[in-house]
Amino acid sequence: MSTLTRRGRNRGEWQPAAELPVARVAVDVPLAHLDRPFDYRVPTHLDAEAKPGVRVRVRFAGRLVDGFLLERVAESGHTGRLAWVDKVVSAEPVLTPEVAALCRAVADRYAGVLYDVLRLAVPPRHARVEAEAPPPREAAPPPEVPRDGWSRYGRGSALLDALAGGRAAHAVWQALPGEDWPQRLAEAAAATVTAGRGAVIVVPDQRDVDALHAACARLLGAGAVVALTADLGPAERYRRWLAVRRGQVDVVVGTRSAAFAPVQRLGLLAVWDDGDDLHAEPRAPYPHVRDVLVLRAHGVGAALLVGGFARTAEAQLLVESGWAREVVADRTAVRAAMPRVTAVGETDAHLVRDPHARAARLPHLAFEVARSALAAGRPVLVQVPRSGYLPWLACGSCRETARCRQCAGPLGFTGRPAGDAGGAELPHCRWCGRPEPGFRCPGCGSRRLRAGVVGAGRTADELGRAFPGTTVRASGGGAPVLAAADQRPELVVATPGAEPRVPGGYGAALLLDGWALLSRPDLRVAEETLRRWLAAAGLVVPHGDGGRVVVMADPELPVVQAMVRWDPAGHAAAELAQRAEVGFPPAVRMAAVDGPPAAVAEVVDAVLGELPSAEVLGPVELEPERPEPGREADGEVRERALVRVPRERGKVLAAALHAAQAVRTARKAADPVRVRLDPVEIG
């Protein structure tokens with residue numbers, strides 16, 4: 001038995017600690033009406049170990065539950081008899097006051113519960129790792145910070161000066177096409193370290209973590225930086241996290257949860273590609289990395305850097321509000337770094353005569369661009385919006401999505417059909433898996449099917465036939481995601497976000513089926529499409545070196561024009577203005593309330609009682625949720641209501657939603673309601 005618990009086994013003999021005998025504990029009971037610290041008495045035998053930040057066990061409603069000790073105080077405001085802290089699980093103070101305050105701020109912003117955020121911030125304990133002797137901190141000389149890369153940007157050198165001087169600069173950085181962004185972020189972190197402060201840099205996925213970690217290790221030394229990701233095993237993740245908590249490491253790079261890393265003397269918080277949906281936490285209360293870092297920068301007085309090839313409306317709001325300055329290159333530098341971008345609409349796409357090139361949906365221009373790049377000995381990137389072979393099917397006459405008669409899920413092929421959409425294999429529902437032998441469109445009565453979107457698998461096959469003798473490699477879309485490709489003449493077919501980097505850059509990029517990206521019913525569709533296009537085009541060599549990009553989309557669309565000009569800042573400004581006009585985030589604060597109709601109505605009515613001026617959109621019926629394989633849809637009707645208020649009333653809206661949820665959890669309401677504030681996806 002642990003020495004922390006073997007003493008004082010008889011609670012009747014326990015005595016309270018002589019000093020600060022009351023512990024305030026965040027208890028692992030994630031119910032809205034219990035979302036507050038609870039007071040417990042600290043017995044004398046736990047006095048030395050019961051420090052703020054440690055994990056404890058306490059009795060709550062007759063059960064022994066986990067918790068974090070937040071603080072010790074002299075007296076409690078509770079008039080009744082206090083229960084004892086039953087056990088100190090570990091003397092390791094894992095929750096710092098700064099991170100605890102951040103978690104409370106995040107919970108309040110998103111109408112959530114504190115303990116749900118604490119689960120995101122503090123990894124599960126691994127006792128064996130905790131008992132290991134920490135390695136000595138490596139002494140390293142101050143790093144030399146290269147400045148040439150940042151000098152290409154207006155205010156770039158000033159940003160490095162601010163970080164090296166320990167000042168809380170707030171910046172939105174527009175990376176140049178082809179920029180070595182891991183190196184630039186590593187230089188920003190190095191400048192911060194020279195001021196004796198630490199840095200946290202959050203990126204979307206493991207490939208980005210690997211590239212950024214390597215850049216930081218080259219500049220700072222391998223012992224000065226750690227990578228924190230969900231892909232690590234529990235022991236290794238906790239080992240690295242403890243090294244950060246104990247002050248052995250100054251720089252952390254990682255994915256979502258790294259935003260809460262307990263770096264000491266925090267000087268820089270940075271996020272790369274904040275528009276990537278991987279930055280949005282899928283667990284309650286659904287915080288976004290960018291917002292977490294903004295709250296943290298404000299709370300500790302650290303610098304904030306939001307960077308990417310594209311720019312979100314939220315980042316644009318930081319600039320227009322004056323809270324952040326933009327770090328951008330002038331147009332001359334942009335034009336020198338970018339490839340030549342040409343847009344080809346579907347009505348203008350004159351397909352080459354080769355039947356295989358026609359099947360691959362290549363217009364004459366795209367075919368010639370790819371052939372020229374391959375002839376020059378460079379690889380060609382082909383971006384396909386969807387994975388698979390024929391990801392979904394549509395009516396061959398009216399083009400409405402073909403749906404299952406049982407659960408209304410979209411129809412598709414499970415493998416590679418013998419021919420086109422009318423091949424030998426029967427279409428199957430992509431939700432419930434049922435075959436559909438006798439499709440009939442409920443809209444027009446047609447029995448013909450066509451491909452709604454041709455996926456990466458079929459595109460790779462058709463390109464192989466269109467370019468005989470050329471290697472075709474796939475990345476993503478069911479194939480393994482490649483971290484890098486070779487500098488040789490080959491075709492690389494990738495889904496968005498899975499594009500491998502190439503030393504020296506691609507010779508050309510073909511961005512297919514732009515209409516499929518732009519036809520999605522989503523508020524952020526234009527912003528997200530431009531982000532995906534820029535990420536792919538940014539891997540292509542400059543126009544001066546022969547770099548070409550062909551976009552298959554209507555050239556008259558504003559988002560396509562922004563792509564051709566390489567003007568993400570202008571598009572973000574227009575996007576923000578449009579959202580302000582129609583009243584959508586980030587110009588307003590908006591909550592999406594999902595659940596059974598009666599439960600949604602109850603929450604909305606409670607909010608209106610606190611905020612009569614709030615505007616309610618809907619409710620509307622939601623599409624049935626996708627059932628688990630082998631299970632039928634439950635048929636339950638679910639609705640969504642949107643509640644919006646001006647930005648300055650956002651805190652009031654979050655508090656009202658939290659209070660409404662508290663009323664429901666207090667009476668143990670059976671129907672769950674999901675509340676998301678400023679959700680990434682609305683439509």
# chains A, B, ... in the order shown; residues from 1 in each chain; ligands from 1

$ select_by_dssp --residues "stretch 195-339 of chain A" --states "strand (DSSP E or B)" --output "number ranges by chain"
A: 198-202, 225-228, 251-254, 266-272, 280, 288, 303-308, 325-327

$ write_last_selection --atoms "N, CA and C atoms" --output "PDB file, in the first residue's frame"
ATOM      1  N   GLY A 198       9.499  29.920 -23.212  1.00  0.00           N
ATOM      2  CA  GLY A 198       9.151  28.706 -23.936  1.00  0.00           C
ATOM      3  C   GLY A 198       8.125  28.960 -25.018  1.00  0.00           C
ATOM      4  N   ALA A 199       7.908  27.923 -25.843  1.00  0.00           N
ATOM      5  CA  ALA A 199       6.999  28.053 -26.981  1.00  0.00           C
ATOM      6  C   ALA A 199       6.163  26.793 -27.137  1.00  0.00           C
ATOM      7  N   VAL A 200       4.933  26.979 -27.604  1.00  0.00           N
ATOM      8  CA  VAL A 200       4.023  25.890 -27.966  1.00  0.00           C
ATOM      9  C   VAL A 200       3.569  26.141 -29.396  1.00  0.00           C
ATOM     10  N   ILE A 201       3.778  25.162 -30.278  1.00  0.00           N
ATOM     11  CA  ILE A 201       3.380  25.288 -31.676  1.00  0.00           C
ATOM     12  C   ILE A 201       2.484  24.103 -32.015  1.00  0.00           C
ATOM     13  N   VAL A 202       1.281  24.384 -32.503  1.00  0.00           N
ATOM     14  CA  VAL A 202       0.289  23.349 -32.788  1.00  0.00           C
ATOM     15  C   VAL A 202       0.064  23.272 -34.292  1.00  0.00           C
ATOM     16  N   VAL A 225      13.366  20.236 -27.500  1.00  0.00           N
ATOM     17  CA  VAL A 225      12.020  20.223 -28.057  1.00  0.00           C
ATOM     18  C   VAL A 225      11.442  18.821 -27.941  1.00  0.00           C
ATOM     19  N   VAL A 226      10.145  18.734 -27.658  1.00  0.00           N
ATOM     20  CA  VAL A 226       9.443  17.449 -27.656  1.00  0.00           C
ATOM     21  C   VAL A 226       8.201  17.570 -28.524  1.00  0.00           C
ATOM     22  N   ALA A 227       7.785  16.425 -29.060  1.00  0.00           N
ATOM     23  CA  ALA A 227       6.560  16.340 -29.849  1.00  0.00           C
ATOM     24  C   ALA A 227       5.504  15.612 -29.034  1.00  0.00           C
ATOM     25  N   LEU A 228       4.318  16.201 -28.934  1.00  0.00           N
ATOM     26  CA  LEU A 228       3.198  15.601 -28.216  1.00  0.00           C
ATOM     27  C   LEU A 228       2.061  15.358 -29.196  1.00  0.00           C
ATOM     28  N   VAL A 251      10.348  23.918 -25.600  1.00  0.00           N
ATOM     29  CA  VAL A 251       9.575  24.033 -26.830  1.00  0.00           C
ATOM     30  C   VAL A 251       8.772  22.753 -27.040  1.00  0.00           C
ATOM     31  N   VAL A 252       7.475  22.916 -27.290  1.00  0.00           N
ATOM     32  CA  VAL A 252       6.572  21.799 -27.540  1.00  0.00           C
ATOM     33  C   VAL A 252       5.959  21.987 -28.919  1.00  0.00           C
ATOM     34  N   VAL A 253       5.991  20.940 -29.737  1.00  0.00           N
ATOM     35  CA  VAL A 253       5.254  20.913 -30.994  1.00  0.00           C
ATOM     36  C   VAL A 253       4.296  19.737 -30.919  1.00  0.00           C
ATOM     37  N   GLY A 254       3.139  19.874 -31.516  1.00  0.00           N
ATOM     38  CA  GLY A 254       2.189  18.777 -31.431  1.00  0.00           C
ATOM     39  C   GLY A 254       0.868  19.101 -32.076  1.00  0.00           C
ATOM     40  N   LEU A 266       6.027  30.783 -20.502  1.00  0.00           N
ATOM     41  CA  LEU A 266       5.514  30.722 -21.865  1.00  0.00           C
ATOM     42  C   LEU A 266       5.684  32.068 -22.564  1.00  0.00           C
ATOM     43  N   GLY A 267       6.307  32.033 -23.757  1.00  0.00           N
ATOM     44  CA  GLY A 267       6.540  33.266 -24.502  1.00  0.00           C
ATOM     45  C   GLY A 267       5.890  33.303 -25.859  1.00  0.00           C
ATOM     46  N   LEU A 268       5.634  32.129 -26.482  1.00  0.00           N
ATOM     47  CA  LEU A 268       5.058  32.086 -27.823  1.00  0.00           C
ATOM     48  C   LEU A 268       4.055  30.956 -27.928  1.00  0.00           C
ATOM     49  N   LEU A 269       2.903  31.280 -28.505  1.00  0.00           N
ATOM     50  CA  LEU A 269       1.886  30.297 -28.860  1.00  0.00           C
ATOM     51  C   LEU A 269       1.637  30.451 -30.355  1.00  0.00           C
ATOM     52  N   ALA A 270       1.714  29.353 -31.097  1.00  0.00           N
ATOM     53  CA  ALA A 270       1.573  29.433 -32.545  1.00  0.00           C
ATOM     54  C   ALA A 270       0.708  28.283 -33.048  1.00  0.00           C
ATOM     55  N   VAL A 271      -0.037  28.554 -34.103  1.00  0.00           N
ATOM     56  CA  VAL A 271      -0.830  27.527 -34.768  1.00  0.00           C
ATOM     57  C   VAL A 271      -0.606  27.675 -36.262  1.00  0.00           C
ATOM     58  N   TRP A 272      -0.372  26.552 -36.916  1.00  0.00           N
ATOM     59  CA  TRP A 272      -0.199  26.533 -38.364  1.00  0.00           C
ATOM     60  C   TRP A 272      -1.454  25.967 -39.020  1.00  0.00           C
ATOM     61  N   ALA A 280     -10.188  21.352 -34.694  1.00  0.00           N
ATOM     62  CA  ALA A 280     -11.436  21.414 -33.932  1.00  0.00           C
ATOM     63  C   ALA A 280     -11.591  20.130 -33.130  1.00  0.00           C
ATOM     64  N   HIS A 288     -11.753  24.970 -30.294  1.00  0.00           N
ATOM     65  CA  HIS A 288     -10.863  25.067 -31.443  1.00  0.00           C
ATOM     66  C   HIS A 288      -9.500  25.538 -30.957  1.00  0.00           C
ATOM     67  N   ALA A 303       3.104  35.879 -26.724  1.00  0.00           N
ATOM     68  CA  ALA A 303       2.916  36.218 -28.129  1.00  0.00           C
ATOM     69  C   ALA A 303       2.068  35.144 -28.795  1.00  0.00           C
ATOM     70  N   LEU A 304       1.339  35.555 -29.846  1.00  0.00           N
ATOM     71  CA  LEU A 304       0.511  34.622 -30.607  1.00  0.00           C
ATOM     72  C   LEU A 304       0.838  34.775 -32.080  1.00  0.00           C
ATOM     73  N   LEU A 305       1.014  33.641 -32.772  1.00  0.00           N
ATOM     74  CA  LEU A 305       1.293  33.634 -34.200  1.00  0.00           C
ATOM     75  C   LEU A 305       0.345  32.655 -34.873  1.00  0.00           C
ATOM     76  N   VAL A 306      -0.493  33.163 -35.777  1.00  0.00           N
ATOM     77  CA  VAL A 306      -1.416  32.341 -36.566  1.00  0.00           C
ATOM     78  C   VAL A 306      -0.895  32.352 -37.997  1.00  0.00           C
ATOM     79  N   GLY A 307      -0.466  31.190 -38.506  1.00  0.00           N
ATOM     80  CA  GLY A 307       0.163  31.150 -39.823  1.00  0.00           C
ATOM     81  C   GLY A 307      -0.475  30.142 -40.745  1.00  0.00           C
ATOM     82  N   GLY A 308      -0.266  30.347 -42.039  1.00  0.00           N
ATOM     83  CA  GLY A 308      -0.765  29.406 -43.032  1.00  0.00           C
ATOM     84  C   GLY A 308      -0.614  29.963 -44.428  1.00  0.00           C
ATOM     85  N   ARG A 325      -1.444  41.983 -35.856  1.00  0.00           N
ATOM     86  CA  ARG A 325      -0.916  42.606 -37.068  1.00  0.00           C
ATOM     87  C   ARG A 325      -0.656  41.517 -38.096  1.00  0.00           C
ATOM     88  N   GLU A 326      -0.818  41.850 -39.367  1.00  0.00           N
ATOM     89  CA  GLU A 326      -0.529  40.861 -40.393  1.00  0.00           C
ATOM     90  C   GLU A 326       0.932  40.930 -40.805  1.00  0.00           C
ATOM     91  N   VAL A 327       1.501  39.760 -41.012  1.00  0.00           N
ATOM     92  CA  VAL A 327       2.877  39.612 -41.481  1.00  0.00           C
ATOM     93  C   VAL A 327       2.790  39.011 -42.873  1.00  0.00           C
TER      94      VAL A 327
END

$ residues_around --residues "A:Thr192" --least-positions-apart "3" --cutoff "10 Å" --atoms "only C-alpha atoms" --output "PyMOL selection string"
chain A and resi 145+160-167+186-189+195-199+250-251+266-268+303

$ write_last_selection --atoms "N, CA and C atoms" --output "short mmCIF file (atom, residue, chain, number, x, y, z; two decimals), in the first residue's frame"
data_model
loop_
_atom_site.label_atom_id
_atom_site.label_comp_id
_atom_site.auth_asym_id
_atom_site.auth_seq_id
_atom_site.Cartn_x
_atom_site.Cartn_y
_atom_site.Cartn_z
N VAL A 145 19.74 32.58 -34.48
CA VAL A 145 18.46 32.63 -35.18
C VAL A 145 18.66 33.23 -36.56
N LEU A 160 10.45 38.81 -35.07
CA LEU A 160 11.56 38.13 -34.40
C LEU A 160 12.14 38.99 -33.28
N ASP A 161 12.24 40.29 -33.51
CA ASP A 161 12.75 41.19 -32.47
C ASP A 161 11.85 41.16 -31.23
N ALA A 162 10.54 41.18 -31.46
CA ALA A 162 9.59 41.15 -30.35
C ALA A 162 9.71 39.86 -29.56
N LEU A 163 9.83 38.73 -30.25
CA LEU A 163 9.95 37.44 -29.56
C LEU A 163 11.26 37.37 -28.79
N ALA A 164 12.35 37.84 -29.38
CA ALA A 164 13.64 37.83 -28.69
C ALA A 164 13.66 38.78 -27.51
N GLY A 165 12.81 39.80 -27.54
CA GLY A 165 12.72 40.75 -26.44
C GLY A 165 11.68 40.40 -25.40
N GLY A 166 10.99 39.25 -25.59
CA GLY A 166 9.99 38.82 -24.61
C GLY A 166 8.70 39.61 -24.66
N ARG A 167 8.41 40.25 -25.79
CA ARG A 167 7.20 41.06 -25.90
C ARG A 167 6.06 40.23 -26.49
N ALA A 186 10.30 27.27 -36.58
CA ALA A 186 11.43 26.91 -35.71
C ALA A 186 12.25 28.16 -35.37
N GLU A 187 12.41 29.05 -36.32
CA GLU A 187 13.14 30.29 -36.06
C GLU A 187 12.39 31.18 -35.07
N ALA A 188 11.06 31.21 -35.17
CA ALA A 188 10.27 31.98 -34.20
C ALA A 188 10.43 31.39 -32.80
N ALA A 189 10.42 30.05 -32.71
CA ALA A 189 10.61 29.40 -31.41
C ALA A 189 12.00 29.68 -30.86
N ALA A 195 15.08 34.62 -25.35
CA ALA A 195 14.57 35.50 -24.30
C ALA A 195 14.34 34.76 -22.99
N GLY A 196 14.71 33.47 -22.93
CA GLY A 196 14.52 32.70 -21.72
C GLY A 196 13.09 32.24 -21.52
N ARG A 197 12.33 32.11 -22.61
CA ARG A 197 10.93 31.72 -22.50
C ARG A 197 10.67 30.51 -23.38
N GLY A 198 9.50 29.92 -23.21
CA GLY A 198 9.15 28.71 -23.94
C GLY A 198 8.13 28.96 -25.02
N ALA A 199 7.91 27.92 -25.84
CA ALA A 199 7.00 28.05 -26.98
C ALA A 199 6.16 26.79 -27.14
N ASP A 250 11.74 23.39 -23.26
CA ASP A 250 11.18 24.73 -23.45
C ASP A 250 10.24 24.83 -24.64
N VAL A 251 10.35 23.92 -25.60
CA VAL A 251 9.57 24.03 -26.83
C VAL A 251 8.77 22.75 -27.04
N LEU A 266 6.03 30.78 -20.50
CA LEU A 266 5.51 30.72 -21.87
C LEU A 266 5.68 32.07 -22.56
N GLY A 267 6.31 32.03 -23.76
CA GLY A 267 6.54 33.27 -24.50
C GLY A 267 5.89 33.30 -25.86
N LEU A 268 5.63 32.13 -26.48
CA LEU A 268 5.06 32.09 -27.82
C LEU A 268 4.06 30.96 -27.93
N ALA A 303 3.10 35.88 -26.72
CA ALA A 303 2.92 36.22 -28.13
C ALA A 303 2.07 35.14 -28.80
#

$ residues_around --residues "A:Ser475" --least-positions-apart "5" --cutoff "9 Å" --atoms "only C-alpha atoms" --output "ChimeraX atom specification"
/A:456,480-483,492-495,498-500

$ write_last_selection --atoms "N, CA, C and O atoms" --output "CSV table (one decimal), in the first residue's frame"
chain,number,residue,atom,x,y,z
A,456,ALA,N,-10.1,9.0,-55.7
A,456,ALA,CA,-8.7,8.9,-56.0
A,456,ALA,C,-8.3,7.6,-56.6
A,456,ALA,O,-7.4,7.6,-57.5
A,480,PRO,N,-1.9,4.3,-48.2
A,480,PRO,CA,-1.1,5.0,-47.1
A,480,PRO,C,-0.7,6.4,-47.5
A,480,PRO,O,-0.4,6.7,-48.6
A,481,VAL,N,-0.7,7.3,-46.5
A,481,VAL,CA,-0.4,8.7,-46.7
A,481,VAL,C,1.1,8.8,-46.8
A,481,VAL,O,1.9,8.4,-45.9
A,482,LEU,N,1.6,9.3,-47.9
A,482,LEU,CA,3.1,9.4,-48.1
A,482,LEU,C,3.6,10.7,-47.5
A,482,LEU,O,3.0,11.8,-47.6
A,483,ALA,N,4.7,10.6,-46.7
A,483,ALA,CA,5.3,11.8,-46.1
A,483,ALA,C,6.0,12.6,-47.2
A,483,ALA,O,6.1,13.9,-47.1
A,492,VAL,N,1.5,11.8,-58.8
A,492,VAL,CA,1.1,11.6,-57.4
A,492,VAL,C,-0.3,12.0,-57.3
A,492,VAL,O,-0.7,13.2,-57.4
A,493,VAL,N,-1.2,11.0,-57.1
A,493,VAL,CA,-2.6,11.3,-56.9
A,493,VAL,C,-2.9,11.3,-55.4
A,493,VAL,O,-2.7,10.3,-54.7
A,494,ALA,N,-3.4,12.4,-54.9
A,494,ALA,CA,-3.6,12.6,-53.4
A,494,ALA,C,-4.9,13.2,-53.1
A,494,ALA,O,-5.4,14.1,-53.9
A,495,THR,N,-5.5,12.9,-52.0
A,495,THR,CA,-6.7,13.6,-51.5
A,495,THR,C,-6.2,14.8,-50.7
A,495,THR,O,-5.1,14.9,-50.3
A,498,ALA,N,-3.3,15.1,-47.9
A,498,ALA,CA,-2.4,13.9,-48.0
A,498,ALA,C,-1.3,14.1,-49.0
A,498,ALA,O,-0.6,13.2,-49.4
A,499,GLU,N,-1.2,15.4,-49.5
A,499,GLU,CA,-0.2,15.6,-50.6
A,499,GLU,C,1.2,15.5,-50.0
A,499,GLU,O,1.6,16.2,-49.1
A,500,PRO,N,2.1,14.6,-50.5
A,500,PRO,CA,3.4,14.5,-50.0
A,500,PRO,C,4.3,15.6,-50.5
A,500,PRO,O,4.1,16.1,-51.6

$ closest_residue --among "A:Val551, A:Leu608, A:Ala230, A:Val675" --to "A:Met590" --atoms "only C-alpha atoms"
A:Val675

$ atom_distance --atom1 "atom CA of A:Thr529" --atom2 "atom CA of A:Ala562"
11.1 Å

$ atom_distance --atom1 "atom CA of A:Val541" --atom2 "atom CA of A:Met338"
7.4 Å

$ residues_around --residues "A:Ala324" --least-positions-apart "3" --cutoff "12 Å" --atoms "only C-alpha atoms" --output "list of chain:residue names"
A:Arg155, A:Leu159, A:Ala168, A:Ala169, A:His170, A:Ala171, A:Val172, A:Trp173, A:Val294, A:Ala297, A:His298, A:Ala303, A:Leu304, A:Leu305, A:Val306, A:Gly307, A:Glu314, A:Ala315, A:Gln316, A:Leu317, A:Leu318, A:Val319, A:Glu320, A:Ser321, A:Val327

$ write_last_selection --atoms "N, CA and C atoms" --output "mmCIF file, in the first residue's frame"
data_model
loop_
_atom_site.group_PDB
_atom_site.id
_atom_site.type_symbol
_atom_site.label_atom_id
_atom_site.label_comp_id
_atom_site.auth_asym_id
_atom_site.auth_seq_id
_atom_site.Cartn_x
_atom_site.Cartn_y
_atom_site.Cartn_z
ATOM 1 N N ARG A 155 7.148 43.364 -41.546
ATOM 2 C CA ARG A 155 7.044 43.117 -40.103
ATOM 3 C C ARG A 155 7.633 41.773 -39.690
ATOM 4 N N LEU A 159 8.815 40.980 -35.906
ATOM 5 C CA LEU A 159 8.250 39.877 -35.127
ATOM 6 C C LEU A 159 9.349 39.131 -34.386
ATOM 7 N N ALA A 168 4.840 40.580 -26.106
ATOM 8 C CA ALA A 168 3.652 39.806 -26.495
ATOM 9 C C ALA A 168 3.112 40.305 -27.828
ATOM 10 N N ALA A 169 3.797 39.965 -28.908
ATOM 11 C CA ALA A 169 3.331 40.334 -30.241
ATOM 12 C C ALA A 169 2.206 39.396 -30.668
ATOM 13 N N HIS A 170 1.232 39.940 -31.380
ATOM 14 C CA HIS A 170 0.144 39.136 -31.934
ATOM 15 C C HIS A 170 0.184 39.300 -33.446
ATOM 16 N N ALA A 171 0.334 38.202 -34.185
ATOM 17 C CA ALA A 171 0.549 38.300 -35.627
ATOM 18 C C ALA A 171 -0.220 37.226 -36.371
ATOM 19 N N VAL A 172 -0.691 37.600 -37.573
ATOM 20 C CA VAL A 172 -1.278 36.664 -38.532
ATOM 21 C C VAL A 172 -0.338 36.637 -39.732
ATOM 22 N N TRP A 173 0.271 35.486 -39.961
ATOM 23 C CA TRP A 173 1.336 35.355 -40.949
ATOM 24 C C TRP A 173 0.819 34.656 -42.195
ATOM 25 N N VAL A 294 -5.625 31.810 -28.305
ATOM 26 C CA VAL A 294 -5.935 33.229 -28.084
ATOM 27 C C VAL A 294 -6.229 33.472 -26.606
ATOM 28 N N ALA A 297 -2.891 33.151 -24.704
ATOM 29 C CA ALA A 297 -2.009 34.297 -24.915
ATOM 30 C C ALA A 297 -2.487 35.494 -24.116
ATOM 31 N N HIS A 298 -3.798 35.695 -24.099
ATOM 32 C CA HIS A 298 -4.360 36.810 -23.320
ATOM 33 C C HIS A 298 -4.141 36.594 -21.828
ATOM 34 N N ALA A 303 3.104 35.879 -26.724
ATOM 35 C CA ALA A 303 2.916 36.218 -28.129
ATOM 36 C C ALA A 303 2.068 35.144 -28.795
ATOM 37 N N LEU A 304 1.339 35.555 -29.846
ATOM 38 C CA LEU A 304 0.511 34.622 -30.607
ATOM 39 C C LEU A 304 0.838 34.775 -32.080
ATOM 40 N N LEU A 305 1.014 33.641 -32.772
ATOM 41 C CA LEU A 305 1.293 33.634 -34.200
ATOM 42 C C LEU A 305 0.345 32.655 -34.873
ATOM 43 N N VAL A 306 -0.493 33.163 -35.777
ATOM 44 C CA VAL A 306 -1.416 32.341 -36.566
ATOM 45 C C VAL A 306 -0.895 32.352 -37.997
ATOM 46 N N GLY A 307 -0.466 31.190 -38.506
ATOM 47 C CA GLY A 307 0.163 31.150 -39.823
ATOM 48 C C GLY A 307 -0.475 30.142 -40.745
ATOM 49 N N GLU A 314 -11.721 33.973 -39.219
ATOM 50 C CA GLU A 314 -11.411 34.235 -37.810
ATOM 51 C C GLU A 314 -10.065 34.939 -37.668
ATOM 52 N N ALA A 315 -9.070 34.513 -38.452
ATOM 53 C CA ALA A 315 -7.778 35.193 -38.419
ATOM 54 C C ALA A 315 -7.898 36.610 -38.964
ATOM 55 N N GLN A 316 -8.728 36.771 -39.990
ATOM 56 C CA GLN A 316 -8.939 38.105 -40.540
ATOM 57 C C GLN A 316 -9.589 39.014 -39.508
ATOM 58 N N LEU A 317 -10.479 38.469 -38.689
ATOM 59 C CA LEU A 317 -11.111 39.276 -37.641
ATOM 60 C C LEU A 317 -10.083 39.740 -36.617
ATOM 61 N N LEU A 318 -9.107 38.888 -36.299
ATOM 62 C CA LEU A 318 -8.048 39.306 -35.380
ATOM 63 C C LEU A 318 -7.291 40.504 -35.941
ATOM 64 N N VAL A 319 -7.087 40.520 -37.265
ATOM 65 C CA VAL A 319 -6.385 41.631 -37.897
ATOM 66 C C VAL A 319 -7.264 42.879 -37.922
ATOM 67 N N GLU A 320 -8.500 42.736 -38.385
ATOM 68 C CA GLU A 320 -9.374 43.897 -38.531
ATOM 69 C C GLU A 320 -9.758 44.515 -37.189
ATOM 70 N N SER A 321 -9.764 43.702 -36.129
ATOM 71 C CA SER A 321 -10.081 44.243 -34.805
ATOM 72 C C SER A 321 -8.912 45.009 -34.201
ATOM 73 N N VAL A 327 1.501 39.760 -41.012
ATOM 74 C CA VAL A 327 2.877 39.612 -41.481
ATOM 75 C C VAL A 327 2.790 39.011 -42.873
#

$ closest_residue --among "A:Val564, A:Ala662, A:Ala656, A:Glu648" --to "A:Val604" --atoms "only C-alpha atoms"
A:Ala656

$ closest_residue --among "A:Thr665, A:Ser90, A:Thr44, A:Thr194" --to "A:Pro16" --atoms "only C-alpha atoms"
A:Thr44
